[in-house]
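Structure file target25.pdb with PDB, C-alpha atoms:
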ATOM      1  CA  MET A   1     -16.444 -22.663   7.194
ATOM      2  CA  PRO A   2     -18.346 -20.443   9.678
ATOM      3  CA  PRO A   3     -17.719 -16.714   9.329
ATOM      4  CA  GLY A   4     -15.183 -15.165  11.676
ATOM      5  CA  PRO A   5     -16.193 -12.806  14.462
ATOM      6  CA  ARG A   6     -17.860  -9.647  13.264
ATOM      7  CA  LEU A   7     -15.848  -6.562  14.102
ATOM      8  CA  THR A   8     -17.838  -3.631  15.369
ATOM      9  CA  HIS A   9     -16.913  -0.145  14.283
ATOM     10  CA  MET A  10     -17.517   2.707  16.702
ATOM     11  CA  THR A  11     -17.748   6.304  15.564
ATOM     12  CA  ASP A  12     -18.528   9.512  17.363
ATOM     13  CA  GLN A  13     -22.185  10.483  17.613
ATOM     14  CA  HIS A  14     -21.923  13.134  14.903
ATOM     15  CA  ASP A  15     -20.158  10.823  12.428
ATOM     16  CA  GLY A  16     -22.805   9.588   9.991
ATOM     17  CA  PRO A  17     -22.780   6.034   8.695
ATOM     18  CA  ILE A  18     -20.455   5.359   5.789
ATOM     19  CA  ASP A  19     -20.685   2.362   3.493
ATOM     20  CA  GLU A  20     -18.553   0.824   0.766
ATOM     21  CA  SER A  21     -20.467   2.553  -2.023
ATOM     22  CA  CYS A  22     -18.489   5.735  -1.252
ATOM     23  CA  VAL A  23     -15.483   4.255  -3.128
ATOM     24  CA  LEU A  24     -17.420   3.199  -6.246
ATOM     25  CA  THR A  25     -16.747   6.469  -8.057
ATOM     26  CA  ASP A  26     -17.699   6.704 -11.722
ATOM     27  CA  GLY A  27     -15.018   7.509 -14.282
ATOM     28  CA  PRO A  28     -13.270   6.202 -17.407
ATOM     29  CA  TRP A  29     -12.955   2.779 -15.775
ATOM     30  CA  THR A  30     -15.010  -0.284 -14.782
ATOM     31  CA  HIS A  31     -15.669  -1.480 -11.223
ATOM     32  CA  ARG A  32     -15.608  -5.256 -10.692
ATOM     33  CA  PHE A  33     -15.536  -7.736  -7.836
ATOM     34  CA  VAL A  34     -13.142 -10.662  -8.183
ATOM     35  CA  GLY A  35     -12.708 -13.709  -5.965
ATOM     36  CA  ALA A  36      -9.055 -14.474  -5.134
ATOM     37  CA  ASN A  37      -7.273 -16.294  -2.293
ATOM     38  CA  GLY A  38     -10.582 -16.857  -0.466
ATOM     39  CA  SER A  39     -11.719 -13.213  -0.440
ATOM     40  CA  ARG A  40     -13.690 -10.872  -2.677
ATOM     41  CA  PHE A  41     -11.649  -7.955  -4.029
ATOM     42  CA  HIS A  42     -12.896  -4.686  -5.485
ATOM     43  CA  VAL A  43     -10.915  -3.882  -8.640
ATOM     44  CA  VAL A  44     -11.098  -0.902 -10.965
ATOM     45  CA  GLU A  45      -9.830  -1.350 -14.511
ATOM     46  CA  ALA A  46      -9.342   0.478 -17.770
ATOM     47  CA  GLY A  47      -7.827  -0.408 -21.145
ATOM     48  CA  THR A  48      -6.580  -3.596 -22.757
ATOM     49  CA  GLY A  49      -3.123  -5.079 -23.238
ATOM     50  CA  PRO A  50      -0.468  -6.378 -20.834
ATOM     51  CA  MET A  51      -1.639  -5.909 -17.244
ATOM     52  CA  VAL A  52      -0.283  -3.301 -14.841
ATOM     53  CA  LEU A  53      -1.593  -3.964 -11.308
ATOM     54  CA  PHE A  54      -1.567  -1.023  -8.884
ATOM     55  CA  LEU A  55      -1.315  -1.491  -5.089
ATOM     56  CA  HIS A  56      -2.173   1.519  -2.906
ATOM     57  CA  GLY A  57      -0.550   2.422   0.392
ATOM     58  CA  PHE A  58      -1.785   3.523   3.834
ATOM     59  CA  PRO A  59      -3.989   5.458   4.581
ATOM     60  CA  GLU A  60      -5.268   5.281   0.985
ATOM     61  CA  PHE A  61      -7.476   3.039  -1.191
ATOM     62  CA  TRP A  62      -7.709   2.412  -4.957
ATOM     63  CA  TRP A  63      -8.350   6.130  -5.594
ATOM     64  CA  ALA A  64      -4.583   6.648  -5.143
ATOM     65  CA  TRP A  65      -4.341   5.667  -8.826
ATOM     66  CA  HIS A  66      -7.387   7.442 -10.312
ATOM     67  CA  GLU A  67      -5.216   9.692 -12.522
ATOM     68  CA  MET A  68      -2.762   6.930 -13.408
ATOM     69  CA  LEU A  69      -5.382   4.377 -14.583
ATOM     70  CA  PRO A  70      -6.685   6.168 -17.710
ATOM     71  CA  ALA A  71      -3.193   7.390 -18.654
ATOM     72  CA  VAL A  72      -1.683   3.884 -18.438
ATOM     73  CA  ALA A  73      -4.704   2.468 -20.317
ATOM     74  CA  ASP A  74      -4.201   5.066 -23.090
ATOM     75  CA  ALA A  75      -0.612   3.868 -23.440
ATOM     76  CA  GLY A  76      -1.802   0.382 -24.418
ATOM     77  CA  PHE A  77      -2.040  -1.449 -21.119
ATOM     78  CA  ARG A  78      -4.751  -3.079 -19.027
ATOM     79  CA  ALA A  79      -4.543  -0.887 -15.927
ATOM     80  CA  VAL A  80      -6.043  -2.389 -12.767
ATOM     81  CA  ALA A  81      -6.191  -0.801  -9.298
ATOM     82  CA  VAL A  82      -7.339  -2.868  -6.340
ATOM     83  CA  ASP A  83      -8.621  -2.133  -2.862
ATOM     84  CA  LEU A  84      -6.245  -4.284  -0.800
ATOM     85  CA  ARG A  85      -7.611  -6.781   1.737
ATOM     86  CA  GLY A  86      -9.529  -4.850   4.407
ATOM     87  CA  TYR A  87      -9.738  -1.548   2.485
ATOM     88  CA  GLY A  88     -12.459   0.191   0.470
ATOM     89  CA  ALA A  89     -15.047  -2.170  -0.990
ATOM     90  CA  THR A  90     -12.886  -5.307  -0.638
ATOM     91  CA  ASP A  91     -13.750  -7.979   1.967
ATOM     92  CA  LYS A  92     -12.698  -7.236   5.555
ATOM     93  CA  PRO A  93     -12.029 -10.598   7.194
ATOM     94  CA  PRO A  94     -10.687 -10.421  10.758
ATOM     95  CA  ARG A  95      -7.531 -12.351   9.724
ATOM     96  CA  GLY A  96      -5.056 -12.629   6.864
ATOM     97  CA  TYR A  97      -2.968  -9.469   7.277
ATOM     98  CA  ASP A  98       0.359 -11.303   7.498
ATOM     99  CA  GLY A  99       2.945 -10.919   4.736
ATOM    100  CA  TYR A 100       2.367 -14.438   3.389
ATOM    101  CA  THR A 101      -1.395 -14.008   2.897
ATOM    102  CA  LEU A 102      -1.140 -10.493   1.461
ATOM    103  CA  ALA A 103       1.451 -11.684  -1.085
ATOM    104  CA  ALA A 104      -0.850 -14.602  -1.969
ATOM    105  CA  ASP A 105      -3.668 -12.061  -2.482
ATOM    106  CA  VAL A 106      -1.593 -10.348  -5.208
ATOM    107  CA  ALA A 107      -0.728 -13.667  -6.866
ATOM    108  CA  GLY A 108      -4.367 -14.795  -6.668
ATOM    109  CA  LEU A 109      -5.601 -11.532  -8.179
ATOM    110  CA  ILE A 110      -3.281 -11.788 -11.192
ATOM    111  CA  ARG A 111      -4.589 -15.300 -11.871
ATOM    112  CA  ALA A 112      -8.229 -14.406 -11.135
ATOM    113  CA  LEU A 113      -8.004 -11.557 -13.635
ATOM    114  CA  GLY A 114      -7.004 -14.118 -16.258
ATOM    115  CA  GLU A 115      -3.348 -13.118 -16.595
ATOM    116  CA  ARG A 116      -0.215 -15.249 -16.483
ATOM    117  CA  SER A 117       1.873 -12.352 -15.195
ATOM    118  CA  ALA A 118       1.700  -8.598 -14.596
ATOM    119  CA  THR A 119       3.769  -5.521 -13.993
ATOM    120  CA  VAL A 120       3.102  -4.609 -10.347
ATOM    121  CA  VAL A 121       3.279  -0.997  -9.121
ATOM    122  CA  GLY A 122       3.084  -0.475  -5.353
ATOM    123  CA  THR A 123       3.351   2.640  -3.203
ATOM    124  CA  GLY A 124       4.116   2.846   0.538
ATOM    125  CA  ALA A 125       2.620  -0.217   2.243
ATOM    126  CA  GLY A 126       1.621  -1.402  -1.241
ATOM    127  CA  GLY A 127       5.275  -1.108  -2.253
ATOM    128  CA  LEU A 128       6.335  -3.312   0.674
ATOM    129  CA  LEU A 129       3.698  -5.771  -0.529
ATOM    130  CA  GLY A 130       5.091  -5.539  -4.066
ATOM    131  CA  TRP A 131       8.561  -6.500  -2.818
ATOM    132  CA  THR A 132       7.072  -9.451  -0.906
ATOM    133  CA  ALA A 133       4.855 -10.684  -3.749
ATOM    134  CA  ALA A 134       7.767 -10.548  -6.218
ATOM    135  CA  SER A 135       9.913 -12.481  -3.755
ATOM    136  CA  PHE A 136       7.325 -15.192  -3.039
ATOM    137  CA  HIS A 137       5.672 -15.434  -6.500
ATOM    138  CA  PRO A 138       8.391 -14.470  -9.017
ATOM    139  CA  ARG A 139       6.783 -16.104 -12.050
ATOM    140  CA  LEU A 140       3.651 -13.983 -11.762
ATOM    141  CA  ILE A 141       5.377 -10.609 -11.513
ATOM    142  CA  ARG A 142       7.018  -9.636 -14.776
ATOM    143  CA  ARG A 143       8.296  -6.260 -13.613
ATOM    144  CA  LEU A 144       8.105  -4.330 -10.341
ATOM    145  CA  VAL A 145       7.863  -0.588  -9.684
ATOM    146  CA  VAL A 146       8.148   0.462  -6.028
ATOM    147  CA  LEU A 147       7.347   3.972  -4.761
ATOM    148  CA  GLY A 148       8.264   5.203  -1.288
ATOM    149  CA  ALA A 149       9.026   1.714   0.054
ATOM    150  CA  PRO A 150      12.378   0.244   1.084
ATOM    151  CA  HIS A 151      12.825  -3.516   0.730
ATOM    152  CA  PRO A 152      11.144  -4.942   3.888
ATOM    153  CA  LEU A 153      14.491  -6.135   5.266
ATOM    154  CA  ARG A 154      16.049  -2.685   4.731
ATOM    155  CA  LEU A 155      13.099  -1.140   6.595
ATOM    156  CA  ARG A 156      13.432  -3.633   9.424
ATOM    157  CA  ALA A 157      17.190  -3.024   9.700
ATOM    158  CA  GLY A 158      16.640   0.750   9.643
ATOM    159  CA  ILE A 159      14.115   0.623  12.485
ATOM    160  CA  PHE A 160      16.542  -1.379  14.658
ATOM    161  CA  ALA A 161      19.853   0.219  13.650
ATOM    162  CA  ASP A 162      18.923   3.898  13.087
ATOM    163  CA  PRO A 163      17.187   5.131  16.276
ATOM    164  CA  ARG A 164      17.322   8.826  15.383
ATOM    165  CA  GLY A 165      16.373   8.180  11.780
ATOM    166  CA  GLN A 166      14.062   5.363  10.665
ATOM    167  CA  PHE A 167      12.973   4.335  14.172
ATOM    168  CA  SER A 168      11.917   7.915  14.878
ATOM    169  CA  ALA A 169      10.218   8.142  11.443
ATOM    170  CA  ALA A 170       8.287   4.932  12.190
ATOM    171  CA  THR A 171       6.983   6.162  15.573
ATOM    172  CA  PRO A 172       3.492   7.097  14.246
ATOM    173  CA  THR A 173       3.010   3.550  12.931
ATOM    174  CA  LEU A 174       4.332   2.022  16.163
ATOM    175  CA  LYS A 175       1.292   3.610  17.849
ATOM    176  CA  PHE A 176      -0.839   1.283  15.717
ATOM    177  CA  GLN A 177       0.157  -1.494  18.141
ATOM    178  CA  LEU A 178      -2.061   0.085  20.805
ATOM    179  CA  PRO A 179      -5.300  -1.873  21.336
ATOM    180  CA  ARG A 180      -8.325  -0.176  19.775
ATOM    181  CA  TYR A 181      -6.203   2.497  18.080
ATOM    182  CA  GLU A 182      -8.589   2.159  15.100
ATOM    183  CA  HIS A 183     -11.177   4.101  17.145
ATOM    184  CA  LEU A 184      -8.746   7.007  17.483
ATOM    185  CA  LEU A 185      -8.046   6.798  13.749
ATOM    186  CA  THR A 186     -11.728   7.155  12.815
ATOM    187  CA  ARG A 187     -12.694   9.747  15.441
ATOM    188  CA  ASP A 188     -13.767  13.243  14.260
ATOM    189  CA  ASP A 189     -14.454  12.062  10.703
ATOM    190  CA  ALA A 190     -11.012  10.351  10.656
ATOM    191  CA  VAL A 191      -9.110  13.631  10.950
ATOM    192  CA  ARG A 192      -5.968  11.650  11.884
ATOM    193  CA  VAL A 193      -5.886  10.246   8.355
ATOM    194  CA  GLU A 194      -5.526  13.765   6.981
ATOM    195  CA  GLU A 195      -2.876  14.545   9.608
ATOM    196  CA  MET A 196      -0.814  11.553   8.409
ATOM    197  CA  LEU A 197      -1.145  12.518   4.747
ATOM    198  CA  ARG A 198      -0.081  16.060   5.685
ATOM    199  CA  ARG A 199       2.879  14.891   7.785
ATOM    200  CA  TRP A 200       4.173  12.407   5.207
ATOM    201  CA  GLY A 201       3.468  14.357   2.017
ATOM    202  CA  GLY A 202       5.918  16.788   0.406
ATOM    203  CA  ARG A 203       5.185  20.441   1.136
ATOM    204  CA  ARG A 204       4.460  21.337  -2.493
ATOM    205  CA  TRP A 205       1.642  18.755  -2.711
ATOM    206  CA  VAL A 206       0.254  19.399   0.793
ATOM    207  CA  ASP A 207      -0.042  23.125  -0.010
ATOM    208  CA  SER A 208      -1.659  22.485  -3.417
ATOM    209  CA  PRO A 209      -5.420  22.672  -4.162
ATOM    210  CA  SER A 210      -5.522  18.909  -4.896
ATOM    211  CA  PHE A 211      -4.586  17.927  -1.330
ATOM    212  CA  ALA A 212      -7.843  18.673   0.553
ATOM    213  CA  PRO A 213     -10.203  16.744  -1.782
ATOM    214  CA  TYR A 214      -7.836  13.759  -1.795
ATOM    215  CA  ALA A 215      -7.557  13.761   2.004
ATOM    216  CA  ALA A 216     -11.370  13.974   2.278
ATOM    217  CA  ARG A 217     -11.766  10.821   0.159
ATOM    218  CA  CYS A 218      -9.200   8.906   2.218
ATOM    219  CA  ARG A 219     -10.891  10.001   5.461
ATOM    220  CA  GLU A 220     -14.256   8.801   4.181
ATOM    221  CA  ALA A 221     -12.896   5.430   2.998
ATOM    222  CA  MET A 222     -11.180   4.814   6.354
ATOM    223  CA  ARG A 223     -14.571   5.250   8.070
ATOM    224  CA  ILE A 224     -16.104   2.303   6.209
ATOM    225  CA  PRO A 225     -16.955  -0.175   9.002
ATOM    226  CA  GLN A 226     -13.949  -2.383   9.912
ATOM    227  CA  ALA A 227     -11.590  -0.707   7.405
ATOM    228  CA  ALA A 228      -9.464   1.020  10.071
ATOM    229  CA  PHE A 229      -9.095  -2.187  12.108
ATOM    230  CA  CYS A 230      -8.020  -4.136   9.008
ATOM    231  CA  ALA A 231      -5.599  -1.434   7.830
ATOM    232  CA  LEU A 232      -3.810  -1.485  11.191
ATOM    233  CA  GLU A 233      -3.656  -5.296  11.388
ATOM    234  CA  ALA A 234      -0.924  -5.514   8.719
ATOM    235  CA  TYR A 235       1.251  -3.144  10.786
ATOM    236  CA  ARG A 236       0.474  -5.121  13.934
ATOM    237  CA  TRP A 237       1.521  -8.362  12.262
ATOM    238  CA  ALA A 238       4.772  -6.816  11.000
ATOM    239  CA  PHE A 239       5.644  -5.729  14.547
ATOM    240  CA  ARG A 240       4.480  -8.858  16.402
ATOM    241  CA  SER A 241       6.086 -11.245  13.910
ATOM    242  CA  VAL A 242       9.565 -10.018  14.877
ATOM    243  CA  LEU A 243       9.284 -12.147  18.022
ATOM    244  CA  ARG A 244       7.650 -15.184  16.406
ATOM    245  CA  LEU A 245       8.748 -18.183  14.404
ATOM    246  CA  HIS A 246       6.670 -17.324  11.316
ATOM    247  CA  GLY A 247       8.300 -13.876  11.353
ATOM    248  CA  TYR A 248      11.745 -15.481  11.438
ATOM    249  CA  ARG A 249      10.754 -17.702   8.501
ATOM    250  CA  PHE A 250       9.421 -14.650   6.633
ATOM    251  CA  VAL A 251      12.793 -12.907   7.007
ATOM    252  CA  LYS A 252      14.658 -16.021   5.800
ATOM    253  CA  LEU A 253      12.420 -16.229   2.714
ATOM    254  CA  MET A 254      12.779 -12.492   1.977
ATOM    255  CA  GLN A 255      16.581 -12.852   1.943
ATOM    256  CA  LYS A 256      16.331 -14.703  -1.362
ATOM    257  CA  PRO A 257      17.250 -12.159  -4.081
ATOM    258  CA  LEU A 258      14.529 -11.018  -6.494
ATOM    259  CA  VAL A 259      14.638 -12.206 -10.098
ATOM    260  CA  THR A 260      12.086  -9.547 -11.156
ATOM    261  CA  PRO A 261      13.440  -6.396 -12.883
ATOM    262  CA  THR A 262      12.792  -3.660 -10.314
ATOM    263  CA  LEU A 263      12.510   0.125 -10.524
ATOM    264  CA  GLN A 264      12.571   2.001  -7.216
ATOM    265  CA  LEU A 265      11.384   5.624  -7.062
ATOM    266  CA  HIS A 266      11.715   7.487  -3.779
ATOM    267  CA  GLY A 267      10.915  11.006  -2.618
ATOM    268  CA  ALA A 268      13.923  12.953  -1.333
ATOM    269  CA  GLU A 269      11.597  14.518   1.297
ATOM    270  CA  ASP A 270      10.017  11.225   2.428
ATOM    271  CA  VAL A 271       9.811  11.411   6.236
ATOM    272  CA  ALA A 272       7.924   8.097   6.625
ATOM    273  CA  SER A 273      10.411   5.830   4.803
ATOM    274  CA  LEU A 274      13.696   7.705   4.813
ATOM    275  CA  PRO A 275      15.719   7.761   1.574
ATOM    276  CA  ARG A 276      18.746   6.441   3.462
ATOM    277  CA  THR A 277      16.677   3.442   4.569
ATOM    278  CA  ALA A 278      15.439   2.771   1.027
ATOM    279  CA  GLN A 279      18.873   3.133  -0.588
ATOM    280  CA  GLY A 280      20.630  -0.195  -0.711
ATOM    281  CA  SER A 281      17.419  -2.146  -1.433
ATOM    282  CA  GLY A 282      19.038  -3.113  -4.742
ATOM    283  CA  ARG A 283      21.237  -5.624  -2.919
ATOM    284  CA  TYR A 284      18.138  -7.847  -2.802
ATOM    285  CA  VAL A 285      17.653  -7.776  -6.592
ATOM    286  CA  LEU A 286      19.542 -10.092  -8.980
ATOM    287  CA  ALA A 287      17.636  -8.818 -12.030
ATOM    288  CA  PRO A 288      18.059  -5.372 -13.650
ATOM    289  CA  TYR A 289      17.492  -2.703 -10.995
ATOM    290  CA  GLU A 290      17.248   1.089 -11.046
ATOM    291  CA  TRP A 291      17.010   3.633  -8.243
ATOM    292  CA  ARG A 292      15.767   7.193  -8.725
ATOM    293  CA  LEU A 293      15.494   9.878  -6.048
ATOM    294  CA  LEU A 294      12.795  12.487  -6.731
ATOM    295  CA  ASP A 295      13.595  16.024  -5.544
ATOM    296  CA  GLY A 296      10.932  17.930  -3.628
ATOM    297  CA  VAL A 297       8.765  14.815  -3.244
ATOM    298  CA  GLY A 298       7.555  13.185  -0.005
ATOM    299  CA  HIS A 299       5.962   9.793   0.696
ATOM    300  CA  PHE A 300       3.363   9.924  -2.123
ATOM    301  CA  PRO A 301       5.250  10.233  -5.447
ATOM    302  CA  HIS A 302       2.216   9.026  -7.466
ATOM    303  CA  LEU A 303       0.310  12.122  -6.272
ATOM    304  CA  GLU A 304       3.178  14.586  -5.886
ATOM    305  CA  ALA A 305       5.009  13.977  -9.184
ATOM    306  CA  PRO A 306       2.415  12.083 -11.269
ATOM    307  CA  ASP A 307       3.888  12.948 -14.679
ATOM    308  CA  VAL A 308       7.371  11.755 -13.734
ATOM    309  CA  VAL A 309       5.987   8.577 -12.120
ATOM    310  CA  LEU A 310       3.723   7.847 -15.103
ATOM    311  CA  GLY A 311       6.633   8.198 -17.517
ATOM    312  CA  GLU A 312       8.802   5.893 -15.424
ATOM    313  CA  ILE A 313       6.062   3.261 -15.044
ATOM    314  CA  LEU A 314       5.469   3.189 -18.816
ATOM    315  CA  ARG A 315       9.202   3.054 -19.561
ATOM    316  CA  TRP A 316       9.676   0.139 -17.153
ATOM    317  CA  ALA A 317       6.540  -1.744 -18.259
ATOM    318  CA  LYS A 318       7.528  -1.465 -21.950
ATOM    319  CA  SER A 319      11.218  -2.307 -21.559
TER     320      SER A 319
END
What does this structure look like when you write it as C-alpha cells?
Amino acid sequence: MPPGPRLTHMTDQHDGPIDESCVLTDGPWTHRFVGANGSRFHVVEAGTGPMVLFLHGFPEFWWAWHEMLPAVADAGFRAVAVDLRGYGATDKPPRGYDGYTLAADVAGLIRALGERSATVVGTGAGGLLGWTAASFHPRLIRRLVVLGAPHPLRLRAGIFADPRGQFSAATPTLKFQLPRYEHLLTRDDAVRVEEMLRRWGGRRWVDSPSFAPYAARCREAMRIPQAAFCALEAYRWAFRSVLRLHGYRFVKLMQKPLVTPTLQLHGAEDVASLPRTAQGSGRYVLAPYEWRLLDGVGHFPHLEAPDVVLGEILRWAKS
C-alpha cells in the first residue's frame, strides 16, 4: 500500500526542530516499538506479572504515567504505557483517528504484547478510549479504570443537553474543528498546551512545583512534527461523526452495556469533563462498578492525587 500524504508541520521561525527522541526518556523502564493494527507504537514498560495498560489523555503523551509505572511494577504487575496513535514516538498516519480504529489499536496492542487480556487504565481522552475499547473488545479487557472521562454517550448527551455546563466546558475542544488549528496549538513553543493544562488542572497541582516541568514536556512532545494534527483528528472525528452514518452506528454499538468491571475516578474540580456529566456513566456497566469523586482534584487525577489513584488502580487490578 503506498504511504498516505505526508503532513507538513509549520512552526514559528524561533521554534527549533523537535524530533521523537525527546520522549525516549531514560528511567526504571524499557522503551520498545510494537507493531499493532497496522501501525508502530512506542511503549514503555516495567515489571512482570498481569498487564496493566495505561492510556494517556490530551494534551499529554506516555509521560503522564512516569510515576505510576515503577510503582505498579513494584506491586507485581507488568506496567505498560503507550504513546497513542499520532502522539510521541508512535506512528502518525494521516488517518485512523475514529473510535473504531483507536479501540482496535488498544486490542491489537494487548495481543502484540503477548497478553490474552489486561487491566486498562485511561485518563481524559484515554479514558474515553478505555470505555470504547472495553465496549468493542470485552474479552481483552479484564478490568477498566477510568479517570476524568464520562462514558462517551454521557459526554455526548451532556454537550447537547447542558448548554451552560458541559457544552460550555467543551468549547475549547470545539475550536479544534477549525482548519489548521494545529498551527495555533504549536505556535510559541506550544504555549497553548500549557494554557490547557493550567485551565483544566486543579489549583493545588497547577500552583505546585511539579506543574511547570510537566507542562514543558507536554509542550515539547506536541511540537513533534504531525503530532498536533493527529491529536486534533480524534476530536474532529468525534464532532463530524455526529452527522454521519458511521457515527450513528458507533452510538448504537456503545449502547451495549459493558461486561468489564469498571472503576471511575473523577476530580470534583474537573472543568473539562464536569462531574455531573460523568455521574450516571454506571448505567452503561452490567459488571461490578464503582464511582469515586476526588475532592480538590481537576482533570488530571493521575498527576494531582497520584497516591490515591495508585492505591485505587492496585485495588481494582488485584480484586
key: Distance query 7 Å from (7.8, -5.1, -10.1) using all atoms listed in the file, result as a VMD selection string   = chain A and resid 119 to 121 130 134 141 to 146 260 to 262
query = Do you have the CA of Thr171 (chain A)-CA of Ala215 (chain A) distance handy?
reply = 21.3 Å
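Between CA of Glu312 (chain A) and CA of Leu265 (chain A) the separation is 8.8 Å.
Ranking A:Leu258, A:Val34, A:Ala149, A:Ala190 by their shortest atom-to-atom distance to Gly114 (chain A), with only C-alpha atoms included, puts A:Val34 first.
Closest to Trp131 (chain A) among A:Arg315, A:His66, A:Arg154, A:Arg244 is A:Arg154, based on only C-alpha atoms.
Between CA of Leu263 (chain A) and CA of Ile313 (chain A) the interatomic distance comes to 8.5 Å.
Between Ala169 (chain A) and the residues A:Lys256, A:His299, A:Arg217, A:His31, the shortest atom-to-atom distance, using all atoms listed in the file, involves A:His299.
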